[in-house]
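Participant: Before we start, here is the structure in question, set down as structure tokens.
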Amino acid sequence: MSNDPEKLIRTAISELLVEAGQSPDFDETESLFDSGKLDSLAAVKLLTILEGELGIDLSDPDFEVEEIDTYAAIIELASEQAAA
């Protein structure tokens, strides 16, 4: 598990963007999935990282992909989970 969740998340997103043929650079509030930059396979990979590396529980039946559509939203989700 990373000591710096924000760095781990930023690195994971950058790597997924490169795998998708995109630039590894992104803005914290820019859409990753709704924009089409990343696809559903990338979403699964990102969710696996969030659960496996950071211990974020995504088993909520009301979970929506919009909750991980931006870096800022992912950081907020991770912060909420850490505070719980």
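Note on naming: chains are A, B, ... as they come in the structure tokens, residues start from 1 per chain, ligands start from 1 in the order shown.
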Identify, on the basis of only C-alpha atoms, every residue whose closest approach to A:Pro24 does not exceed 12 Å; exclude the query and any residue fewer than 3 positions from it along the same chain; express the result as an mmCIF file with all heavy atoms, in the first residue's frame.
Facilitator:
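Saved the output as out30.cif:
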data_model
loop_
_atom_site.group_PDB
_atom_site.id
_atom_site.type_symbol
_atom_site.label_atom_id
_atom_site.label_comp_id
_atom_site.auth_asym_id
_atom_site.auth_seq_id
_atom_site.Cartn_x
_atom_site.Cartn_y
_atom_site.Cartn_z
ATOM 1 N N ARG A 10 -2.682 9.431 -9.050
ATOM 2 C CA ARG A 10 -2.225 10.222 -10.206
ATOM 3 C C ARG A 10 -1.416 9.341 -11.162
ATOM 4 O O ARG A 10 -1.604 9.387 -12.375
ATOM 5 C CB ARG A 10 -1.391 11.414 -9.744
ATOM 6 C CG ARG A 10 -0.938 12.283 -10.910
ATOM 7 C CD ARG A 10 -0.300 13.580 -10.442
ATOM 8 N NE ARG A 10 -1.223 14.484 -9.809
ATOM 9 C CZ ARG A 10 -2.082 15.260 -10.454
ATOM 10 N NH1 ARG A 10 -2.156 15.224 -11.763
ATOM 11 N NH2 ARG A 10 -2.887 16.065 -9.792
ATOM 12 N N THR A 11 -0.521 8.520 -10.618
ATOM 13 C CA THR A 11 0.296 7.633 -11.447
ATOM 14 C C THR A 11 -0.574 6.614 -12.166
ATOM 15 O O THR A 11 -0.391 6.354 -13.367
ATOM 16 C CB THR A 11 1.356 6.923 -10.579
ATOM 17 O OG1 THR A 11 2.202 7.918 -9.987
ATOM 18 C CG2 THR A 11 2.196 5.962 -11.402
ATOM 19 N N ALA A 12 -1.540 6.045 -11.462
ATOM 20 C CA ALA A 12 -2.427 5.047 -12.068
ATOM 21 C C ALA A 12 -3.217 5.655 -13.217
ATOM 22 O O ALA A 12 -3.326 5.041 -14.295
ATOM 23 C CB ALA A 12 -3.371 4.473 -11.014
ATOM 24 N N ILE A 13 -3.750 6.844 -13.022
ATOM 25 C CA ILE A 13 -4.518 7.504 -14.080
ATOM 26 C C ILE A 13 -3.613 7.799 -15.275
ATOM 27 O O ILE A 13 -3.991 7.543 -16.422
ATOM 28 C CB ILE A 13 -5.189 8.786 -13.560
ATOM 29 C CG1 ILE A 13 -6.289 8.441 -12.555
ATOM 30 C CG2 ILE A 13 -5.762 9.602 -14.723
ATOM 31 C CD1 ILE A 13 -6.862 9.638 -11.803
ATOM 32 N N SER A 14 -2.426 8.317 -15.016
ATOM 33 C CA SER A 14 -1.490 8.614 -16.111
ATOM 34 C C SER A 14 -1.165 7.365 -16.911
ATOM 35 O O SER A 14 -1.140 7.387 -18.145
ATOM 36 C CB SER A 14 -0.201 9.234 -15.565
ATOM 37 O OG SER A 14 -0.432 10.527 -15.083
ATOM 38 N N GLU A 15 -0.932 6.253 -16.221
ATOM 39 C CA GLU A 15 -0.614 4.994 -16.901
ATOM 40 C C GLU A 15 -1.805 4.496 -17.717
ATOM 41 O O GLU A 15 -1.625 3.999 -18.838
ATOM 42 C CB GLU A 15 -0.158 3.946 -15.890
ATOM 43 C CG GLU A 15 1.208 4.253 -15.310
ATOM 44 C CD GLU A 15 1.632 3.315 -14.197
ATOM 45 O OE1 GLU A 15 0.844 2.405 -13.814
ATOM 46 O OE2 GLU A 15 2.763 3.488 -13.683
ATOM 47 N N LEU A 16 -2.998 4.630 -17.178
ATOM 48 C CA LEU A 16 -4.189 4.212 -17.923
ATOM 49 C C LEU A 16 -4.400 5.084 -19.155
ATOM 50 O O LEU A 16 -4.790 4.582 -20.216
ATOM 51 C CB LEU A 16 -5.426 4.247 -17.012
ATOM 52 C CG LEU A 16 -5.466 3.181 -15.920
ATOM 53 C CD1 LEU A 16 -6.577 3.484 -14.922
ATOM 54 C CD2 LEU A 16 -5.635 1.800 -16.521
ATOM 55 N N LEU A 17 -4.137 6.379 -19.026
ATOM 56 C CA LEU A 17 -4.258 7.270 -20.172
ATOM 57 C C LEU A 17 -3.273 6.885 -21.275
ATOM 58 O O LEU A 17 -3.632 6.834 -22.452
ATOM 59 C CB LEU A 17 -4.045 8.723 -19.750
ATOM 60 C CG LEU A 17 -5.201 9.365 -18.985
ATOM 61 C CD1 LEU A 17 -4.760 10.670 -18.327
ATOM 62 C CD2 LEU A 17 -6.399 9.598 -19.896
ATOM 63 N N VAL A 18 -2.040 6.580 -20.896
ATOM 64 C CA VAL A 18 -1.032 6.171 -21.877
ATOM 65 C C VAL A 18 -1.456 4.868 -22.552
ATOM 66 O O VAL A 18 -1.358 4.737 -23.775
ATOM 67 C CB VAL A 18 0.362 6.049 -21.214
ATOM 68 C CG1 VAL A 18 1.357 5.361 -22.145
ATOM 69 C CG2 VAL A 18 0.873 7.429 -20.803
ATOM 70 N N GLU A 19 -1.949 3.904 -21.764
ATOM 71 C CA GLU A 19 -2.432 2.642 -22.334
ATOM 72 C C GLU A 19 -3.545 2.883 -23.353
ATOM 73 O O GLU A 19 -3.678 2.143 -24.323
ATOM 74 C CB GLU A 19 -2.967 1.715 -21.237
ATOM 75 C CG GLU A 19 -1.912 1.042 -20.416
ATOM 76 C CD GLU A 19 -2.515 0.150 -19.329
ATOM 77 O OE1 GLU A 19 -3.666 -0.308 -19.464
ATOM 78 O OE2 GLU A 19 -1.816 -0.067 -18.319
ATOM 79 N N ALA A 20 -4.331 3.933 -23.139
ATOM 80 C CA ALA A 20 -5.449 4.258 -24.027
ATOM 81 C C ALA A 20 -5.020 5.157 -25.190
ATOM 82 O O ALA A 20 -5.859 5.626 -25.952
ATOM 83 C CB ALA A 20 -6.571 4.927 -23.238
ATOM 84 N N GLY A 21 -3.712 5.413 -25.306
ATOM 85 C CA GLY A 21 -3.228 6.242 -26.397
ATOM 86 C C GLY A 21 -3.397 7.731 -26.171
ATOM 87 O O GLY A 21 -3.367 8.513 -27.114
ATOM 88 N N ASP A 27 -5.881 17.377 -16.087
ATOM 89 C CA ASP A 27 -6.287 18.368 -15.102
ATOM 90 C C ASP A 27 -7.084 17.653 -14.008
ATOM 91 O O ASP A 27 -7.782 16.673 -14.285
ATOM 92 C CB ASP A 27 -7.165 19.432 -15.780
ATOM 93 C CG ASP A 27 -7.556 20.526 -14.822
ATOM 94 O OD1 ASP A 27 -6.672 21.305 -14.430
ATOM 95 O OD2 ASP A 27 -8.748 20.586 -14.457
ATOM 96 N N LEU A 32 -12.529 11.918 -17.121
ATOM 97 C CA LEU A 32 -11.722 10.813 -17.628
ATOM 98 C C LEU A 32 -12.563 9.809 -18.416
ATOM 99 O O LEU A 32 -12.129 9.310 -19.452
ATOM 100 C CB LEU A 32 -11.034 10.097 -16.464
ATOM 101 C CG LEU A 32 -10.091 10.970 -15.631
ATOM 102 C CD1 LEU A 32 -9.690 10.254 -14.357
ATOM 103 C CD2 LEU A 32 -8.880 11.377 -16.448
ATOM 104 N N LYS A 37 -11.910 9.576 -22.789
ATOM 105 C CA LYS A 37 -10.456 9.378 -22.700
ATOM 106 C C LYS A 37 -10.132 7.981 -22.191
ATOM 107 O O LYS A 37 -9.160 7.371 -22.620
ATOM 108 C CB LYS A 37 -9.815 10.423 -21.796
ATOM 109 C CG LYS A 37 -9.785 11.794 -22.417
ATOM 110 C CD LYS A 37 -9.032 12.746 -21.548
ATOM 111 C CE LYS A 37 -8.914 14.054 -22.296
ATOM 112 N NZ LYS A 37 -7.786 14.832 -21.895
ATOM 113 N N LEU A 38 -10.922 7.518 -21.244
ATOM 114 C CA LEU A 38 -10.755 6.175 -20.710
ATOM 115 C C LEU A 38 -12.053 5.407 -20.897
ATOM 116 O O LEU A 38 -13.132 5.985 -20.858
ATOM 117 C CB LEU A 38 -10.374 6.215 -19.228
ATOM 118 C CG LEU A 38 -9.008 6.841 -18.904
ATOM 119 C CD1 LEU A 38 -8.804 6.900 -17.398
ATOM 120 C CD2 LEU A 38 -7.873 6.085 -19.571
#
Participant: Quick one: residues within 8 Å of A:Ile9, only C-alpha atoms, excluding same-chain residues fewer than 5 positions away - as a VMD selection string?
Facilitator: chain A and resid 50 71 74 to 75
Participant: Between A:Glu6, A:Asp69, A:Asp60, A:Glu53, which is the closest to A:Glu30 once you count only C-alpha atoms?
Facilitator: A:Asp69
Participant: Measuring between only C-alpha atoms, which one of A:Lys45, A:Gly36, A:Thr29, A:Gly52 shows the shortest distance to A:Glu76?
Facilitator: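 Using only C-alpha atoms, A:Glu76 sits closest to A:Thr29.
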Participant: According to DSSP computed on the backbone, where in chain A is there helix (DSSP H, G or I)? Give the residues as a ChimeraX atom specification.
Facilitator: /A:5-19,40-54,65-68,71-83
Participant: What does the distance between atom CA of A:Ala72 and atom CA of A:Glu28 come to in Å, to one decimal place?
Facilitator: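 Answer for the atom CA of A:Ala72 to atom CA of A:Glu28 separation: 5.3 Å.
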Participant: Can you measure atom CA of A:Ser35 to atom CA of A:Thr70 for me? One decimal in Å is fine.
Facilitator: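 About the pair atom CA of A:Ser35 and atom CA of A:Thr70: they are 10.3 Å apart.
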Participant: Quick check, in Å to one decimal: how far apart do atom CA of A:Pro5 and atom CA of A:Gly55 lie?
Facilitator: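 Rounded to one decimal, the two atoms are 10.5 Å apart.
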